[in-house]
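Asks: You'll find coords-v2.pdb just under this line, and it carries PDB, C-alpha atoms, pLDDT in the B column.
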```
ATOM      1  CA  MET A 272     166.022 128.939 156.004  1.00 90.00           C
ATOM      2  CA  ARG A 273     165.778 125.598 154.186  1.00 91.00           C
ATOM      3  CA  LYS A 274     161.989 125.430 154.544  1.00 95.00           C
ATOM      4  CA  THR A 275     161.789 128.963 153.130  1.00 95.00           C
ATOM      5  CA  LEU A 276     163.899 127.819 150.176  1.00 96.00           C
ATOM      6  CA  VAL A 277     161.364 125.043 149.534  1.00 96.00           C
ATOM      7  CA  VAL A 278     158.469 127.521 149.576  1.00 96.00           C
ATOM      8  CA  VAL A 279     160.176 130.081 147.331  1.00 97.00           C
ATOM      9  CA  SER A 280     161.333 127.415 144.856  1.00 96.00           C
ATOM     10  CA  LEU A 281     157.719 126.204 144.703  1.00 97.00           C
ATOM     11  CA  LEU A 282     156.539 129.772 144.049  1.00 98.00           C
ATOM     12  CA  LEU A 283     159.145 130.012 141.279  1.00 97.00           C
ATOM     13  CA  LEU A 284     157.835 126.776 139.766  1.00 97.00           C
ATOM     14  CA  VAL A 285     154.261 128.125 139.902  1.00 97.00           C
ATOM     15  CA  ALA A 286     155.409 131.372 138.248  1.00 97.00           C
ATOM     16  CA  PHE A 287     157.020 129.382 135.432  1.00 96.00           C
ATOM     17  CA  ALA A 288     153.869 127.280 134.988  1.00 96.00           C
ATOM     18  CA  LEU A 289     151.763 130.449 134.869  1.00 96.00           C
ATOM     19  CA  GLN A 290     154.131 131.797 132.227  1.00 96.00           C
ATOM     20  CA  PHE A 291     152.845 129.151 129.817  1.00 94.00           C
ATOM     21  CA  VAL A 292     149.248 130.040 130.693  1.00 96.00           C
ATOM     22  CA  PHE A 293     149.965 133.725 130.090  1.00 95.00           C
ATOM     23  CA  ALA A 294     151.623 132.908 126.746  1.00 93.00           C
ATOM     24  CA  ALA A 295     148.496 131.008 125.718  1.00 94.00           C
ATOM     25  CA  VAL A 296     146.324 133.960 126.784  1.00 94.00           C
ATOM     26  CA  GLY A 297     148.394 136.179 124.503  1.00 91.00           C
ATOM     27  CA  ALA A 298     148.335 133.708 121.641  1.00 89.00           C
ATOM     28  CA  PHE A 299     144.569 133.169 121.780  1.00 92.00           C
ATOM     29  CA  THR A 300     143.466 136.753 122.456  1.00 91.00           C
ATOM     30  CA  LYS A 301     141.310 137.929 119.532  1.00 90.00           C
ATOM     31  CA  PRO A 302     141.799 140.472 118.192  1.00 86.00           C
ATOM     32  CA  ALA A 303     145.443 140.445 119.246  1.00 80.00           C
ATOM     33  CA  ASP A 304     146.871 143.785 120.275  1.00 83.00           C
ATOM     34  CA  ASP A 305     150.044 144.995 121.980  1.00 78.00           C
ATOM     35  CA  GLY A 306     148.595 144.168 125.401  1.00 89.00           C
ATOM     36  CA  ALA A 307     147.830 140.519 124.608  1.00 90.00           C
ATOM     37  CA  TYR A 308     151.115 139.370 126.137  1.00 90.00           C
ATOM     38  CA  SER A 309     151.234 141.878 129.004  1.00 93.00           C
ATOM     39  CA  LEU A 310     150.762 139.234 131.741  1.00 95.00           C
ATOM     40  CA  HIS A 311     153.402 137.055 130.082  1.00 94.00           C
ATOM     41  CA  SER A 312     155.823 139.999 129.903  1.00 92.00           C
ATOM     42  CA  LEU A 313     155.201 141.165 133.468  1.00 95.00           C
ATOM     43  CA  ASN A 314     155.628 137.691 134.915  1.00 96.00           C
ATOM     44  CA  GLY A 315     158.699 136.934 132.799  1.00 93.00           C
ATOM     45  CA  MET A 316     160.449 140.265 133.272  1.00 92.00           C
ATOM     46  CA  ALA A 317     159.576 140.993 136.914  1.00 95.00           C
ATOM     47  CA  VAL A 318     158.102 138.144 138.969  1.00 97.00           C
ATOM     48  CA  ILE A 319     160.324 135.297 137.739  1.00 96.00           C
ATOM     49  CA  PRO A 320     163.610 137.253 138.000  1.00 96.00           C
ATOM     50  CA  VAL A 321     162.773 138.461 141.531  1.00 97.00           C
ATOM     51  CA  LEU A 322     161.835 134.947 142.673  1.00 97.00           C
ATOM     52  CA  THR A 323     164.979 133.578 141.009  1.00 97.00           C
ATOM     53  CA  LEU A 324     167.213 136.079 142.820  1.00 97.00           C
ATOM     54  CA  LEU A 325     165.459 135.294 146.095  1.00 97.00           C
ATOM     55  CA  THR A 326     165.928 131.568 145.487  1.00 97.00           C
ATOM     56  CA  ILE A 327     169.655 132.064 144.845  1.00 97.00           C
ATOM     57  CA  LEU A 328     170.012 134.073 148.055  1.00 97.00           C
ATOM     58  CA  LEU A 329     168.107 131.489 150.091  1.00 97.00           C
ATOM     59  CA  ALA A 330     170.128 128.603 148.625  1.00 96.00           C
ATOM     60  CA  VAL A 331     173.351 130.342 149.656  1.00 96.00           C
ATOM     61  CA  LEU A 332     172.027 131.227 153.124  1.00 96.00           C
ATOM     62  CA  ALA A 333     170.761 127.654 153.603  1.00 95.00           C
ATOM     63  CA  LYS A 334     174.290 126.412 152.861  1.00 95.00           C
ATOM     64  CA  ALA A 335     172.967 124.261 150.054  1.00 95.00           C
ATOM     65  CA  PRO A 336     175.431 122.084 148.153  1.00 95.00           C
ATOM     66  CA  GLY A 337     177.064 123.635 145.091  1.00 94.00           C
ATOM     67  CA  ARG A 338     174.902 121.645 142.676  1.00 95.00           C
ATOM     68  CA  LEU A 339     171.730 123.053 144.234  1.00 96.00           C
ATOM     69  CA  ILE A 340     173.109 126.595 144.201  1.00 96.00           C
ATOM     70  CA  GLY A 341     173.939 126.047 140.522  1.00 95.00           C
ATOM     71  CA  LEU A 342     170.371 124.929 139.871  1.00 95.00           C
ATOM     72  CA  ALA A 343     169.196 128.096 141.630  1.00 96.00           C
ATOM     73  CA  VAL A 344     171.416 130.304 139.435  1.00 96.00           C
ATOM     74  CA  LEU A 345     170.635 128.576 136.128  1.00 96.00           C
ATOM     75  CA  PRO A 346     167.070 129.952 135.739  1.00 95.00           C
ATOM     76  CA  LEU A 347     168.484 133.492 135.839  1.00 94.00           C
ATOM     77  CA  GLY A 348     170.615 132.739 132.778  1.00 95.00           C
ATOM     78  CA  LEU A 349     167.691 131.035 131.078  1.00 96.00           C
ATOM     79  CA  VAL A 350     165.484 134.094 131.725  1.00 94.00           C
ATOM     80  CA  VAL A 351     168.119 136.331 130.125  1.00 95.00           C
ATOM     81  CA  LEU A 352     168.264 133.939 127.175  1.00 96.00           C
ATOM     82  CA  GLN A 353     164.426 134.058 126.982  1.00 94.00           C
ATOM     83  CA  ALA A 354     164.479 137.830 126.654  1.00 93.00           C
ATOM     84  CA  LEU A 355     167.177 137.665 123.975  1.00 95.00           C
ATOM     85  CA  LEU A 356     165.295 134.998 122.024  1.00 95.00           C
ATOM     86  CA  ALA A 357     162.090 137.060 122.138  1.00 92.00           C
ATOM     87  CA  MET A 358     163.985 140.151 121.005  1.00 93.00           C
ATOM     88  CA  PHE A 359     165.651 138.295 118.123  1.00 94.00           C
ATOM     89  CA  ALA A 360     162.394 136.614 117.081  1.00 92.00           C
ATOM     90  CA  ASN A 361     160.747 140.040 116.861  1.00 89.00           C
ATOM     91  CA  ALA A 362     163.741 141.462 114.990  1.00 92.00           C
ATOM     92  CA  PHE A 363     163.388 138.914 112.204  1.00 92.00           C
ATOM     93  CA  THR A 364     160.204 140.209 110.627  1.00 89.00           C
ATOM     94  CA  ASP A 365     159.773 141.395 107.075  1.00 89.00           C
ATOM     95  CA  ALA A 366     159.243 145.003 106.009  1.00 88.00           C
ATOM     96  CA  ALA A 367     155.492 144.725 106.653  1.00 88.00           C
ATOM     97  CA  GLY A 368     156.096 143.385 110.180  1.00 83.00           C
ATOM     98  CA  ALA A 369     155.058 139.818 109.322  1.00 89.00           C
ATOM     99  CA  SER A 370     156.826 136.782 110.747  1.00 88.00           C
ATOM    100  CA  THR A 371     159.620 135.162 108.782  1.00 92.00           C
ATOM    101  CA  PRO A 372     160.815 131.533 108.948  1.00 94.00           C
ATOM    102  CA  VAL A 373     163.927 132.652 110.841  1.00 94.00           C
ATOM    103  CA  GLY A 374     161.862 134.638 113.338  1.00 93.00           C
ATOM    104  CA  LEU A 375     159.464 131.738 113.844  1.00 94.00           C
ATOM    105  CA  THR A 376     162.371 129.343 114.398  1.00 95.00           C
ATOM    106  CA  ILE A 377     163.817 131.651 117.045  1.00 95.00           C
ATOM    107  CA  ALA A 378     160.358 131.968 118.622  1.00 92.00           C
ATOM    108  CA  GLY A 379     160.228 128.169 118.762  1.00 94.00           C
ATOM    109  CA  LEU A 380     163.550 128.182 120.610  1.00 96.00           C
ATOM    110  CA  HIS A 381     161.971 130.649 123.049  1.00 95.00           C
ATOM    111  CA  ALA A 382     159.331 128.010 123.832  1.00 94.00           C
ATOM    112  CA  VAL A 383     161.897 125.191 124.117  1.00 96.00           C
ATOM    113  CA  ASN A 384     164.019 127.303 126.463  1.00 96.00           C
ATOM    114  CA  GLY A 385     160.921 127.831 128.614  1.00 95.00           C
ATOM    115  CA  ILE A 386     160.441 124.074 128.856  1.00 96.00           C
ATOM    116  CA  VAL A 387     164.090 123.629 129.837  1.00 97.00           C
ATOM    117  CA  ALA A 388     163.688 126.321 132.511  1.00 96.00           C
ATOM    118  CA  VAL A 389     160.683 124.517 133.995  1.00 97.00           C
ATOM    119  CA  HIS A 390     162.649 121.272 134.203  1.00 97.00           C
ATOM    120  CA  VAL A 391     165.532 123.073 135.927  1.00 97.00           C
ATOM    121  CA  VAL A 392     163.144 124.605 138.462  1.00 97.00           C
ATOM    122  CA  VAL A 393     161.530 121.203 139.078  1.00 97.00           C
ATOM    123  CA  GLY A 394     165.003 119.850 139.882  1.00 96.00           C
ATOM    124  CA  LEU A 395     165.704 122.863 142.073  1.00 97.00           C
ATOM    125  CA  HIS A 396     162.473 122.388 144.003  1.00 97.00           C
ATOM    126  CA  ARG A 397     163.085 118.656 144.396  1.00 96.00           C
ATOM    127  CA  GLY A 398     166.618 119.323 145.628  1.00 96.00           C
ATOM    128  CA  SER A 399     165.458 121.985 148.060  1.00 96.00           C
ATOM    129  CA  ARG A 400     162.877 119.567 149.499  1.00 95.00           C
ATOM    130  CA  GLU A 401     165.564 116.917 149.960  1.00 94.00           C
ATOM    131  CA  LEU A 402     167.815 119.485 151.644  1.00 93.00           C
ATOM    132  CA  ALA A 403     165.050 120.542 154.027  1.00 92.00           C
ATOM    133  CA  ASN A 404     163.887 116.977 154.760  1.00 89.00           C
ATOM    134  CA  PRO A 405     166.837 114.614 154.416  1.00 82.00           C
ATOM    135  CA  ALA A 406     166.005 110.921 154.187  1.00 74.00           C
ATOM    136  CA  PRO A 407     166.582 109.099 157.452  1.00 75.00           C
ATOM    137  CA  ALA A 408     169.776 107.103 157.616  1.00 69.00           C
ATOM    138  CA  VAL A 409     169.168 103.420 157.039  1.00 70.00           C
ATOM    139  CA  PRO A 410     171.086 101.257 159.506  1.00 68.00           C
ATOM    140  CA  ALA A 411     173.640  99.008 157.888  1.00 66.00           C
ATOM    141  CA  SER A 412     172.605  95.380 157.820  1.00 68.00           C
ATOM    142  CA  VAL A 413     174.763  92.956 159.750  1.00 63.00           C
ATOM    143  CA  PRO A 414     175.581  89.774 157.883  1.00 67.00           C
ATOM    144  CA  VAL A 415     174.416  86.623 159.666  1.00 66.00           C
ATOM    145  CA  ARG A 416     176.691  83.580 159.497  1.00 72.00           C
ATOM    146  CA  GLU A 417     175.299  80.207 158.692  1.00 74.00           C
ATOM    147  CA  GLY A 418     174.208  78.348 161.757  1.00 69.00           C
ATOM    148  CA  GLU A 419     173.886  81.514 163.909  1.00 64.00           C
ATOM    149  CA  PRO A 420     170.481  82.679 165.080  1.00 65.00           C
ATOM    150  CA  ALA A 421     169.250  85.761 163.300  1.00 58.00           C
TER     151      ALA A 421
END
```
Would you write out, as structure tokens, the structure that this file holds?
Replies:
Amino acid sequence: MRKTLVVVSLLLLVAFALQFVFAAVGAFTKPADDGAYSLHSLNGMAVIPVLTLLTILLAVLAKAPGRLIGLAVLPLGLVVLQALLAMFANAFTDAAGASTPVGLTIAGLHAVNGIVAVHVVVGLHRGSRELANPAPAVPASVPVREGEPA
């Protein structure tokens, strides 16, 4: 179960990395239309939440420590926050549908939250690897008294 947790947490990390690629695709698509961010939306609203829920389940089944289970749960909250930030950023447009300073600031927070989520998932993946492959115990050194052979 612990090896599976490592694999799924890695897939979650890849999905988050791809999310930035898909955001760039949307941002640089010319001419921009409603479908420019479709990959970003699909990944963020379907793939990442499913992988996050699977990661939480696997962390619990692997009997991971509470800190690691917390790291597995945290991306779910950050994904919900992402959706809210995107919704609020879009809500703060002017009458013509153009961006406003408030909307752009909220959109910037959407990007920062994405960076935070990636760092959390990096920590989750690192922790899951340590859980699956614990470091070997180092034998305690025995002090040698002066005059005794080592």
Asks: Go through A:Leu313, A:Leu356, A:Val277, A:Ile327 one by one, measure the shortest atom-to-atom distance of each to Leu380 of chain A using all atoms listed in the file, and give the residue with the smallest value.
Replies: A:Leu356
Asks: Would you work out the distance separating atom CA of Phe291 of chain A from atom CA of Val389 of chain A, expressed in Å to one decimal?
Replies: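 Between these atoms lies a distance of 10.0 Å.
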Asks: Using only C-alpha atoms, can you tell me which of A:Leu289, A:Ala406, A:Ala360, A:Ala388 comes closest to Leu310 of chain A?
Replies: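 Closest candidate: A:Leu289.
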Asks: Find the residue from A:Ile377, A:Met272, A:Ala286, A:Ala303 that sits nearest to Ala357 of chain A; use only C-alpha atoms when measuring.
Replies: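 Checking each of A:Ile377, A:Met272, A:Ala286, A:Ala303 against Ala357 of chain A, counting only C-alpha atoms, the winner is A:Ile377.
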Asks: Taking only C-alpha atoms into account, which of A:Leu402, A:Leu282, A:Ala366, A:Leu322 comes nearest Lys334 of chain A?
Replies: A:Leu402
Asks: If the PyMOL selection byres ((chain A and resi 353) around 10) were run on this exact file, what residues would it hold? Put them as a list of chain:residue names.
Replies: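 Checked against the file, the PyMOL selection byres ((chain A and resi 353) around 10) matches A:Gly315, A:Met316, A:Leu347, A:Gly348, A:Leu349, A:Val350, A:Val351, A:Leu352, A:Ala354, A:Leu355, A:Leu356, A:Ala357, A:Met358, A:Phe359, A:Ala378, A:Leu380, A:His381, A:Ala382, A:Val383, A:Asn384, A:Gly385, A:Ala388.
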Asks: Take the PyMOL selection byres ((chain A and resi 280) around 12), apply it to the structure above, and return the hits as a PyMOL selection string.
Replies: chain A and resi 273-279+281-287+319+321-330+339-340+342-344+346+389+391-400
Asks: Quick one: of A:Val409, A:His390, A:Asn361, A:Gly368, who's nearest to Ala288 of chain A, counting all atoms listed in the file?
Replies: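 Using all atoms listed in the file, Ala288 of chain A sits closest to A:His390.
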Asks: Name the closest residue to Val318 of chain A among the candidates A:Gly379, A:Ala362, A:Ser370, A:Gln290; distances are taken between atoms, counting only C-alpha atoms.
Replies: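 That would be A:Gln290, the residue with the smallest distance to Val318 of chain A.
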Asks: Could you work out how far atom CA of Pro336 of chain A lies from atom CA of Ala317 of chain A, giving the answer in Å with one decimal?
Replies: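 If I compute the distance from atom CA of Ala317 of chain A to atom CA of Pro336 of chain A, I get 27.1 Å.
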Asks: Rounded to one decimal place, report the atom CA of Ala307 of chain A-atom CA of Val292 of chain A distance in Å.
Replies: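 These two atoms are separated by 12.2 Å.
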Asks: Could you work out an axis-aligned bounding box for all listed atoms of segment 283-300 of chain A, with 8 Å added on each of the six sides, and give its centre and edge lengths in Å to one decimal, as AutoDock Vina command-line options?
Replies:
```
--center_x 151.3 --center_y 131.8 --center_z 131.5 --size_x 31.7 --size_y 26.0 --size_z 35.6
```
Asks: Suppose a student applies the PyMOL selection byres ((chain A and resi 308) around 8) to this structure; what residues should they get, written as a PyMOL selection string?
Replies: chain A and resi 293-294+296-298+305-307+309-312
